[in-house]
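Colleague: Handing you this structure, nothing more for now.
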Amino acid sequence: SVKLPHLKLTCITAYFPPNYGVEDIFYELAEAISITVSDDIVVVGGDFNARLDQGPRGNKLKELAEGVGYFCLNRREQPTYVCHSGSSTIDLIFSNQPGLVEDLKVVENPATKHAIISTRVHIAAQRLQDRKRAIRECDIGKLRENFQLLEPTEDVDRLYDGLLGALENSRLERRERKSKPWFDKSCYSAHKTLKDQYKVCQTTRVREDYEKLA
């Protein structure tokens, strides 16, 4: 598992021999998944020996997984195992967040008959919410300088980090709030009114004004 602010990514790997029942595969995976939290991003991958491209095993496993909110990222026409007698799609990846886990690629592996399967987990959309300090005021001149220093790139994640870094480096520091948690907007308004009236009293020295202050 990889822990990030307000986000946890859990990767589970598995292997099941060809004679393993599909229901048994599903129940063992369900037991492993049960220790995760529903909001976590969970990726389950491995050699399931359940062909997605042919026969009922792969389709049945896919249906069982979808029933509990886990979706297969593989395509039937992407073989993951190649041997002298043919090819098959048996190395599968499932995730409960298919919108964030995508771009599955299958690459031939010279060292084994099983291909290398890779995917990408997109977490950039979560990052801005994880920042502890909001950027409310910034130095415009410094911001322009920081933007000019950014290197052109087609990588969206690098561009995002560069822009956010430019904003943070241009931020004007704000004093930390020293008032108590219960000192809300109405308290602030009453306090301001009292201070204004006190200034009036200090200027006029009139009894009626002091009575208003009381």
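Here's how to read the names in the structure tokens: chain A, B, ... by the order shown, residue numbers from 1 in each chain, ligand numbers from 1 in the order shown.
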List the spatial neighbours of A:Gly69 as a PyMOL selection string - criterion: any atom at most 9 Å away, only C-alpha atoms, same-chain residues fewer than 5 positions off excluded.

Modeller: chain A and resi 95-97

Colleague: Would you kindly return, as a CSV table (one decimal) with N, CA, C and O atoms, in the first residue's frame, each protein, DNA or RNA residue with an atom no farther than 12 Å from any atom of stretch 35-39 of chain A, considering only C-alpha atoms and excluding same-chain residues fewer than 6 positions away?

Modeller:
```csv
chain,number,residue,atom,x,y,z
A,1,SER,N,0.8,-1.2,0.0
A,1,SER,CA,0.0,0.0,0.0
A,1,SER,C,0.9,1.3,0.0
A,1,SER,O,1.9,1.3,0.6
A,6,HIS,N,-4.9,12.0,2.3
A,6,HIS,CA,-6.3,11.8,1.9
A,6,HIS,C,-6.5,10.7,0.8
A,6,HIS,O,-7.5,10.7,0.2
A,7,LEU,N,-5.5,9.9,0.6
A,7,LEU,CA,-5.5,8.9,-0.5
A,7,LEU,C,-4.6,7.7,-0.1
A,7,LEU,O,-3.5,7.9,0.4
A,8,LYS,N,-5.1,6.5,-0.4
A,8,LYS,CA,-4.3,5.3,-0.2
A,8,LYS,C,-4.5,4.4,-1.5
A,8,LYS,O,-5.6,4.2,-1.9
A,9,LEU,N,-3.4,4.0,-2.0
A,9,LEU,CA,-3.3,3.1,-3.2
A,9,LEU,C,-2.9,1.7,-2.7
A,9,LEU,O,-1.8,1.6,-2.1
A,10,THR,N,-3.7,0.7,-2.9
A,10,THR,CA,-3.3,-0.7,-2.5
A,10,THR,C,-3.3,-1.5,-3.7
A,10,THR,O,-4.2,-1.6,-4.5
A,11,CYS,N,-2.1,-2.2,-3.9
A,11,CYS,CA,-1.9,-3.1,-5.0
A,11,CYS,C,-1.9,-4.6,-4.5
A,11,CYS,O,-1.1,-4.9,-3.6
A,12,ILE,N,-2.7,-5.4,-5.0
A,12,ILE,CA,-2.7,-6.8,-4.6
A,12,ILE,C,-2.4,-7.7,-5.8
A,12,ILE,O,-2.9,-7.6,-6.9
A,29,LEU,N,-10.0,-13.5,-3.4
A,29,LEU,CA,-9.8,-12.1,-3.7
A,29,LEU,C,-10.6,-11.2,-2.8
A,29,LEU,O,-10.2,-10.2,-2.4
A,68,VAL,N,-19.1,-6.7,-7.2
A,68,VAL,CA,-18.7,-6.1,-6.0
A,68,VAL,C,-17.9,-4.8,-6.3
A,68,VAL,O,-17.2,-4.3,-5.4
A,69,GLY,N,-18.1,-4.3,-7.5
A,69,GLY,CA,-17.5,-3.0,-7.9
A,69,GLY,C,-16.1,-3.0,-8.4
A,69,GLY,O,-15.4,-1.9,-8.4
A,70,TYR,N,-15.6,-4.1,-8.8
A,70,TYR,CA,-14.3,-4.2,-9.4
A,70,TYR,C,-14.4,-4.5,-10.9
A,70,TYR,O,-15.0,-5.5,-11.3
A,95,SER,N,-9.8,-3.2,-10.9
A,95,SER,CA,-9.7,-2.0,-10.1
A,95,SER,C,-11.1,-1.5,-9.7
A,95,SER,O,-12.0,-1.7,-10.5
A,96,ASN,N,-11.2,-1.0,-8.5
A,96,ASN,CA,-12.5,-0.4,-8.1
A,96,ASN,C,-12.6,1.1,-8.5
A,96,ASN,O,-13.6,1.7,-8.3
A,97,GLN,N,-11.5,1.6,-9.2
A,97,GLN,CA,-11.5,3.0,-9.7
A,97,GLN,C,-11.1,3.0,-11.1
A,97,GLN,O,-10.0,3.5,-11.4
```

Colleague: Mind listing the helix (DSSP H, G or I) residues of chain A, per DSSP on the backbone, as a PyMOL selection string?

Modeller: chain A and resi 22-33+56-67+124-130+140-148+156-169+185-204+207-213

Colleague: Calculate how many Å separate atom CA of A:Tyr20 from atom CA of A:Ile117, rounding to one decimal.

Modeller: 22.4 Å

Colleague: Which residues, written as a PyMOL selection string, have at least one atom at most 12 Å from A:Lys60, with only C-alpha atoms counted and residues fewer than 5 positions away on the same chain left out?

Modeller: chain A and resi 21-26+50-55+65-67+72

Colleague: If you run DSSP on the backbone, which residues of stretch 75-113 of chain A are strand (DSSP E or B), as a ChimeraX atom specification?

Modeller: /A:81-83,86-88,91-95,101-107

Colleague: For stretch 142-149 of chain A, list every protein, DNA or RNA residue within 7 Å, evaluated using only C-alpha atoms, and leave out those in the same chain fewer than 2 positions away; present the list as JSON, numbers by chain.

Modeller: {"A": [139, 140, 151, 166, 167, 170]}

Colleague: Keeping C-alpha atoms for every residue in the selection just given, could you write it to a file as a PDB file, in the first residue's frame?

Modeller:
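Saved file again18.pdb follows:
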```pdb
ATOM      1  CA  ASP A 139       2.981  38.811  -5.738  1.00  0.00           C
ATOM      2  CA  ILE A 140       1.953  39.379  -9.394  1.00  0.00           C
ATOM      3  CA  GLU A 151       9.871  24.651 -19.187  1.00  0.00           C
ATOM      4  CA  ALA A 166       4.880  28.897  -9.504  1.00  0.00           C
ATOM      5  CA  LEU A 167       1.762  29.937  -7.594  1.00  0.00           C
ATOM      6  CA  SER A 170       4.576  33.728  -5.415  1.00  0.00           C
TER       7      SER A 170
END
```
